[in-house]
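Shown below: model-v9.cif, with mmCIF, C-alpha atoms.
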data_model
#
loop_
_atom_site.label_atom_id
_atom_site.label_comp_id
_atom_site.auth_asym_id
_atom_site.auth_seq_id
_atom_site.Cartn_x
_atom_site.Cartn_y
_atom_site.Cartn_z
CA MET S 19 -3.90 22.43 14.94
CA ALA S 20 -1.78 19.36 14.49
CA ASP S 21 1.14 18.65 16.79
CA PRO S 22 4.81 18.66 15.67
CA ALA S 23 5.21 14.86 15.70
CA PHE S 24 2.24 14.45 13.36
CA LEU S 25 3.49 17.16 11.01
CA THR S 26 7.01 15.73 10.82
CA VAL S 27 5.84 12.21 10.07
CA ALA S 28 3.27 13.54 7.58
CA VAL S 29 5.92 15.45 5.64
CA ILE S 30 8.25 12.42 5.58
CA THR S 31 5.46 10.05 4.49
CA VAL S 32 4.10 12.24 1.69
CA ALA S 33 7.54 13.26 0.42
CA SER S 34 8.82 9.70 0.25
CA ALA S 35 5.59 8.56 -1.42
CA ILE S 36 6.23 11.14 -4.16
CA ILE S 37 9.90 10.11 -4.39
CA ALA S 38 8.84 6.45 -4.68
CA LEU S 39 6.85 7.30 -7.79
CA GLU S 40 9.16 9.91 -9.32
CA PHE S 41 12.77 8.86 -8.67
CA LYS S 42 14.41 7.75 -11.91
CA GLU S 43 16.22 4.72 -10.51
CA ILE S 44 13.45 2.33 -9.45
CA ILE S 45 15.43 0.58 -6.70
CA TYR S 46 15.70 3.88 -4.81
CA GLY S 47 12.00 4.26 -5.43
CA ALA S 48 11.46 0.96 -3.62
CA ILE S 49 13.53 2.19 -0.66
CA ALA S 50 11.51 5.43 -0.59
CA LEU S 51 8.35 3.30 -0.56
CA ALA S 52 9.73 1.47 2.48
CA ILE S 53 10.28 4.80 4.25
CA SER S 54 6.74 5.87 3.38
CA LEU S 55 5.33 2.62 4.80
CA LEU S 56 7.40 3.14 7.96
CA GLY S 57 5.82 6.58 8.20
CA ILE S 58 2.37 4.96 8.10
CA ALA S 59 3.54 2.64 10.91
CA ALA S 60 4.56 5.73 12.90
CA PHE S 61 1.04 7.11 12.44
CA PHE S 62 -0.33 3.86 13.84
CA VAL S 63 1.88 4.36 16.91
CA LEU S 64 0.61 7.95 17.23
CA LEU S 65 -2.94 6.56 17.09
CA ASP S 66 -2.18 4.12 19.97
CA ALA S 67 -2.45 1.11 17.65
CA THR S 68 0.93 -0.43 18.48
CA PHE S 69 -0.05 -3.93 17.40
CA VAL S 70 -1.13 -2.75 13.94
CA ALA S 71 2.12 -0.77 13.68
CA MET S 72 4.13 -3.91 14.45
CA PHE S 73 2.16 -5.85 11.88
CA GLN S 74 2.69 -3.07 9.33
CA VAL S 75 6.46 -3.11 9.83
CA ALA S 76 6.66 -6.92 9.72
CA VAL S 77 4.44 -7.41 6.67
CA TYR S 78 5.07 -4.30 4.56
CA VAL S 79 8.62 -3.23 5.29
CA GLY S 80 9.76 -6.76 6.10
CA ALA S 81 8.09 -8.82 3.40
CA VAL S 82 6.51 -6.71 0.66
CA VAL S 83 9.37 -4.28 0.07
CA VAL S 84 11.96 -7.08 0.12
CA LEU S 85 9.88 -9.00 -2.41
CA VAL S 86 9.62 -5.87 -4.58
CA ILE S 87 13.38 -5.27 -4.39
CA PHE S 88 14.12 -8.85 -5.44
CA THR S 89 11.71 -8.54 -8.37
CA ILE S 90 13.38 -5.29 -9.45
CA MET S 91 16.76 -7.02 -9.34
CA LEU S 92 15.35 -9.76 -11.59
CA VAL S 93 13.72 -7.57 -14.23
CA ARG S 94 15.60 -4.25 -14.06
CA ARG S 95 16.59 -2.54 -17.35
CA GLU S 96 18.34 0.72 -18.17
CA ALA S 97 15.70 1.71 -20.71
CA TRP S 98 13.22 2.52 -17.92
CA MET S 99 15.20 5.58 -16.93
CA ALA S 100 14.02 7.55 -19.96
CA VAL S 101 10.34 6.86 -20.54
CA PRO S 102 8.67 9.98 -21.98
CA GLU S 103 5.55 11.07 -20.11
CA GLY S 104 4.71 14.53 -21.49
CA ARG S 105 1.00 15.19 -21.83
CA ARG S 106 -0.14 12.33 -19.62
CA LYS S 107 1.88 13.77 -16.78
CA VAL S 108 0.00 17.09 -16.98
CA MET S 109 -3.28 15.17 -17.05
CA GLY S 110 -2.22 13.06 -14.08
CA ILE S 111 -1.22 16.07 -12.00
CA THR S 112 -4.57 17.71 -12.83
CA ILE S 113 -6.45 14.60 -11.69
CA MET S 114 -4.31 14.50 -8.54
CA PHE S 115 -5.16 18.08 -7.58
CA ILE S 116 -8.85 17.64 -8.40
CA THR S 117 -8.98 14.59 -6.12
CA MET S 118 -6.97 16.29 -3.40
CA PHE S 119 -8.91 19.54 -3.23
CA GLY S 120 -12.29 17.96 -3.91
CA LEU S 121 -11.95 15.41 -1.13
CA GLY S 122 -10.26 17.95 1.14
CA ALA S 123 -13.12 20.45 0.72
CA VAL S 124 -15.69 17.73 1.45
CA PHE S 125 -13.84 16.61 4.58
CA ILE S 126 -13.31 20.12 5.93
CA ALA S 127 -16.98 20.95 5.32
CA SER S 128 -18.10 17.75 7.09
CA GLY S 129 -17.40 19.08 10.60
CA LEU S 130 -15.34 16.08 11.68
CA THR S 131 -13.27 18.18 14.06
CA GLU S 132 -15.68 18.06 17.01
CA GLN S 133 -14.75 14.60 18.23
CA ALA S 134 -14.21 13.38 21.78
CA VAL S 135 -11.31 10.93 21.97
CA PRO S 136 -11.62 8.22 24.66
CA GLU S 137 -8.90 8.03 27.28
CA THR S 138 -8.56 4.26 27.32
CA THR S 139 -7.12 2.47 24.31
CA VAL S 140 -7.47 -1.00 22.84
CA THR S 141 -4.88 -3.52 24.03
CA PHE S 142 -3.51 -6.28 21.83
CA THR S 143 -5.10 -8.84 24.17
CA GLN S 144 -8.51 -7.56 23.09
CA ILE S 145 -7.53 -7.70 19.43
CA GLY S 146 -6.32 -11.29 19.79
CA GLU S 147 -9.49 -12.33 21.61
CA GLN S 148 -11.69 -10.77 18.94
CA MET S 149 -9.66 -12.38 16.17
CA LEU S 150 -9.86 -15.88 17.63
CA THR S 151 -13.51 -15.75 18.67
CA TYR S 152 -15.80 -13.48 16.67
CA TYR S 153 -13.55 -13.17 13.62
CA SER S 154 -12.25 -16.76 13.53
CA PRO S 155 -14.11 -17.68 10.29
CA ALA S 156 -12.62 -14.61 8.63
CA LEU S 157 -9.19 -15.55 10.01
CA ILE S 158 -9.46 -19.04 8.51
CA ALA S 159 -10.64 -17.63 5.20
CA MET S 160 -7.73 -15.18 5.21
CA ALA S 161 -5.26 -17.96 5.92
CA LEU S 162 -6.62 -19.99 2.99
CA THR S 163 -6.55 -16.90 0.75
CA LEU S 164 -2.92 -16.22 1.64
CA ALA S 165 -1.94 -19.84 1.04
CA ALA S 166 -3.76 -19.86 -2.30
CA ALA S 167 -2.13 -16.55 -3.31
CA VAL S 168 1.37 -17.77 -2.48
CA ILE S 169 0.85 -21.12 -4.24
CA GLY S 170 -0.62 -19.29 -7.22
CA ALA S 171 2.33 -16.89 -7.31
CA LEU S 172 4.80 -19.79 -7.22
CA ALA S 173 2.88 -21.62 -9.96
CA LEU S 174 2.87 -18.48 -12.14
CA ALA S 175 6.56 -17.72 -11.70
CA LYS S 176 7.72 -21.32 -12.13
CA VAL S 177 10.08 -21.95 -15.03
CA GLU S 178 8.92 -24.73 -17.30
CA LEU S 179 11.89 -26.63 -18.67
CA GLY S 180 11.62 -27.72 -22.29
CA GLY S 181 7.86 -27.52 -22.38
CA SER S 182 7.38 -30.27 -19.76
CA ARG S 183 5.14 -29.33 -16.89
CA SER S 184 7.11 -31.14 -14.19
CA GLY S 185 10.64 -29.73 -14.34
CA GLY S 186 12.33 -26.76 -12.73
CA ASN S 187 14.15 -25.99 -9.53
CA ASN S 188 12.79 -22.50 -9.08
CA MET D 15 -2.66 14.74 19.80
CA ALA D 16 -3.66 15.33 16.19
CA GLU D 17 -7.34 15.45 15.40
CA ILE D 18 -9.11 13.03 13.11
CA ILE D 19 -9.55 15.60 10.36
CA ASP D 20 -5.74 15.76 9.99
CA TYR D 21 -5.55 12.02 9.42
CA VAL D 22 -8.46 12.05 6.97
CA ILE D 23 -6.92 14.89 4.94
CA LEU D 24 -3.52 13.17 4.98
CA SER D 25 -5.02 9.98 3.64
CA ALA D 26 -6.83 11.98 0.93
CA VAL D 27 -3.43 13.38 -0.08
CA LEU D 28 -1.90 9.90 -0.21
CA LEU D 29 -4.89 8.66 -2.25
CA ALA D 30 -4.39 11.52 -4.73
CA ILE D 31 -0.68 10.70 -5.06
CA GLY D 32 -1.56 7.05 -5.68
CA ILE D 33 -4.11 7.97 -8.34
CA TYR D 34 -1.50 10.19 -10.02
CA GLY D 35 0.92 7.26 -10.08
CA LEU D 36 -1.65 4.90 -11.55
CA THR D 37 -2.56 7.44 -14.23
CA VAL D 38 0.88 8.54 -15.36
CA LYS D 39 3.31 5.65 -14.83
CA ARG D 40 3.65 2.90 -17.42
CA ASN D 41 6.12 0.79 -15.47
CA ALA D 42 4.20 -2.10 -13.89
CA ILE D 43 6.26 -2.04 -10.68
CA ARG D 44 5.60 1.68 -10.25
CA MET D 45 1.88 1.03 -10.64
CA LEU D 46 2.19 -1.57 -7.88
CA PHE D 47 3.83 1.11 -5.69
CA ALA D 48 0.86 3.40 -6.36
CA ILE D 49 -1.56 0.63 -5.38
CA GLU D 50 0.37 0.11 -2.14
CA ILE D 51 0.18 3.82 -1.31
CA ILE D 52 -3.60 3.82 -1.87
CA ALA D 53 -4.06 0.70 0.30
CA ASN D 54 -2.04 2.30 3.09
CA ALA D 55 -4.13 5.48 2.93
CA ALA D 56 -7.21 3.29 3.44
CA ASN D 57 -5.62 1.47 6.41
CA LEU D 58 -4.69 4.79 8.00
CA ASN D 59 -8.32 5.88 7.74
CA LEU D 60 -9.54 2.66 9.37
CA VAL D 61 -7.23 3.01 12.37
CA ALA D 62 -7.84 6.77 12.74
CA PHE D 63 -11.61 6.36 12.82
CA SER D 64 -11.42 3.43 15.23
CA ARG D 65 -9.30 5.58 17.61
CA ASN D 66 -11.71 8.49 17.48
CA LEU D 67 -14.95 6.68 18.29
CA PRO D 68 -16.58 7.61 21.63
CA VAL D 69 -15.89 4.14 23.10
CA PRO D 70 -12.67 2.12 22.60
CA ASN D 71 -13.11 0.11 19.44
CA VAL D 72 -11.40 -3.16 18.45
CA THR D 73 -13.10 -3.70 15.09
CA GLY D 74 -11.27 -0.97 13.19
CA GLN D 75 -7.84 -2.27 14.14
CA THR D 76 -8.81 -5.88 13.40
CA LEU D 77 -10.08 -4.86 9.97
CA ALA D 78 -6.81 -3.00 9.35
CA LEU D 79 -4.89 -6.19 10.20
CA PHE D 80 -6.97 -8.22 7.74
CA SER D 81 -6.50 -5.52 5.12
CA ILE D 82 -2.71 -5.55 5.52
CA ALA D 83 -2.61 -9.34 5.15
CA ILE D 84 -4.77 -9.30 2.01
CA ALA D 85 -2.60 -6.55 0.51
CA ALA D 86 0.47 -8.73 1.06
CA ALA D 87 -1.19 -11.59 -0.85
CA GLU D 88 -2.09 -9.17 -3.64
CA VAL D 89 1.52 -7.99 -3.93
CA ALA D 90 2.78 -11.57 -4.16
CA VAL D 91 0.44 -12.37 -7.05
CA GLY D 92 1.11 -9.01 -8.74
CA LEU D 93 4.88 -9.52 -8.68
CA ALA D 94 4.51 -13.06 -10.03
CA LEU D 95 2.43 -11.65 -12.90
CA ILE D 96 5.12 -9.02 -13.55
CA ILE D 97 7.80 -11.72 -13.71
CA VAL D 98 5.73 -13.79 -16.14
CA ALA D 99 5.08 -10.72 -18.30
CA TYR D 100 8.79 -9.89 -18.29
CA ARG D 101 9.59 -13.42 -19.43
CA LEU D 102 7.10 -13.12 -22.30
CA TYR D 103 7.80 -9.54 -23.46
CA ARG D 104 11.33 -8.83 -22.08
CA ASP D 105 9.89 -5.61 -20.63
CA ILE D 106 7.37 -4.52 -17.99
CA ASP D 107 6.10 -1.41 -19.73
CA VAL D 108 2.32 -1.81 -19.71
CA LYS D 109 2.20 -0.32 -23.21
CA GLU D 110 3.99 -3.44 -24.45
CA PHE D 111 1.19 -5.64 -23.14
CA ARG D 112 -1.22 -4.47 -25.84
CA SER D 113 -1.04 -7.75 -27.70
CA MET D 114 -2.90 -9.29 -24.73
CA ARG D 115 -5.98 -7.39 -25.87
CA GLY D 116 -8.70 -9.88 -26.77
#

Once more with this new file: its structure as structure tokens, please.
Amino acid sequence: MADPAFLTVAVITVASAIIALEFKEIIYGAIALAISLLGIAAFFVLLDATFVAMFQVAVYVGAVVVLVIFTIMLVRREAWMAVPEGRRKVMGITIMFITMFGLGAVFIASGLTEQAVPETTVTFTQIGEQMLTYYSPALIAMALTLAAAVIGALALAKVELGGSRSGGNN
Amino acid sequence: MAEIIDYVILSAVLLAIGIYGLTVKRNAIRMLFAIEIIANAANLNLVAFSRNLPVPNVTGQTLALFSIAIAAAEVAVGLALIIVAYRLYRDIDVKEFRSMRG
């Protein structure tokens, strides 16, 4: 059976994921998403992956959620508070439970529980070595992808003044 | 210490919540939230399996790091698309984007 720390973090993560999708005011939804992502970081700590947890907090809670909150501040409207869902909501909940119980039954039947966990854990020195030696082509490709994504995002969101392609401060 | 089956079931629950969000919500930012929840469920699986292998394993954590970075790039592009769509339609309800249909 799971230990108390796992159960607490699991409840917080799942509850705030649901709140992120269901809360009427979307800015509180974004904050609930941040809490959910912090919960995932706590799971990484529980799994002895401290470096990944740090990365998760820096990238998701630090960058992604802030970006989302700024976007919400730019495009927010009152009309979103009352979007009717009705029949699609019932359908969505049905799909959710089918996925949940289907996958859960498969996983419980798979006999994953008999696993021996090693005593020693991976240090961040090993991760850094792997990243800069064996995975260095992937690292370079990822850096280029990130740069291209950010430049593409800036180019998409740029305001074009008076139809000319050169103007604009933002 | 929680066993691996707990983590796998938890990430199945998060995946189901994300699928629910993608199915029901029409607000583009909410759909982005759902995508984030699904991506995080996948990352949790990667790290959990890499912890529970018989020998200490670096590859799972490295792959999780790459996955987090790519997800950040995806969010940046997605939000830029949402801002452009808002500028064009004055709304981010995906139902309003029907005129994009080819």

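If you measure from each of D:Ala94, D:Arg104, D:Ile31, D:Lys109 to D:Glu50 using all atoms listed in the file, the closest one turns out to be D:Ile31.
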
*Starting from the shown file, work through the PyMOL selection byres ((chain S) within 6 of (chain D)) and note down what comes out as a PyMOL selection string.*
chain S and resi 20-21+106-107+110+114+117-118+122+130-131+135-136+139+164+167+171+175

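Residues lying within 7 Å of stretch 49-56 of chain S, counting only C-alpha atoms and ignoring same-chain neighbours fewer than 3 positions away, are Thr31, Ser34, Ala35, Ile37, Ala38, Ile45, Tyr46, Ala59, Ala60, Val75, Tyr78, Val79 and Val83 of chain S.
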
Selection file, C-alpha atoms, as a PDB file, in the frame of the given file:
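And here's again-v8.pdb as it stands now:
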ATOM      1  CA  THR S  31       5.460  10.050   4.490  1.00  0.00           C
ATOM      2  CA  SER S  34       8.820   9.700   0.250  1.00  0.00           C
ATOM      3  CA  ALA S  35       5.590   8.560  -1.420  1.00  0.00           C
ATOM      4  CA  ILE S  37       9.900  10.110  -4.390  1.00  0.00           C
ATOM      5  CA  ALA S  38       8.840   6.450  -4.680  1.00  0.00           C
ATOM      6  CA  ILE S  45      15.430   0.580  -6.700  1.00  0.00           C
ATOM      7  CA  TYR S  46      15.700   3.880  -4.810  1.00  0.00           C
ATOM      8  CA  ALA S  59       3.540   2.640  10.910  1.00  0.00           C
ATOM      9  CA  ALA S  60       4.560   5.730  12.900  1.00  0.00           C
ATOM     10  CA  VAL S  75       6.460  -3.110   9.830  1.00  0.00           C
ATOM     11  CA  TYR S  78       5.070  -4.300   4.560  1.00  0.00           C
ATOM     12  CA  VAL S  79       8.620  -3.230   5.290  1.00  0.00           C
ATOM     13  CA  VAL S  83       9.370  -4.280   0.070  1.00  0.00           C
TER      14      VAL S  83
END

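Atom CA of S:Ile90 sits 16.6 Å away from atom CA of D:Ile49.
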
*Work out how far atom CA of S:Thr163 is from atom CA of D:Leu102, in Å to one decimal.*
27.1 Å

Emit as JSON the padded axis-aligned box for all listed atoms of stretch 75-84 of chain D, 3 Å per side, with centre and edge lengths in Å to one decimal.
{"center_x": -6.3, "center_y": -5.8, "center_z": 8.1, "size_x": 13.5, "size_y": 13.1, "size_z": 18.1}

*Mind pulling up the distance from atom CA of S:Ala165 to atom CA of D:Tyr103?*
28.3 Å

_Given the PyMOL selection byres ((chain S and resi 142) around 10) and the file above, list the residues it selects as number ranges by chain._
S: 67-70, 139-141, 143-148; D: 72, 75-76

_Under the PyMOL selection byres ((chain S and resi 91) around 12), which residues of this model are included? Write them out as number ranges by chain._
S: 43-46, 48, 84-90, 92-96; D: 43, 97
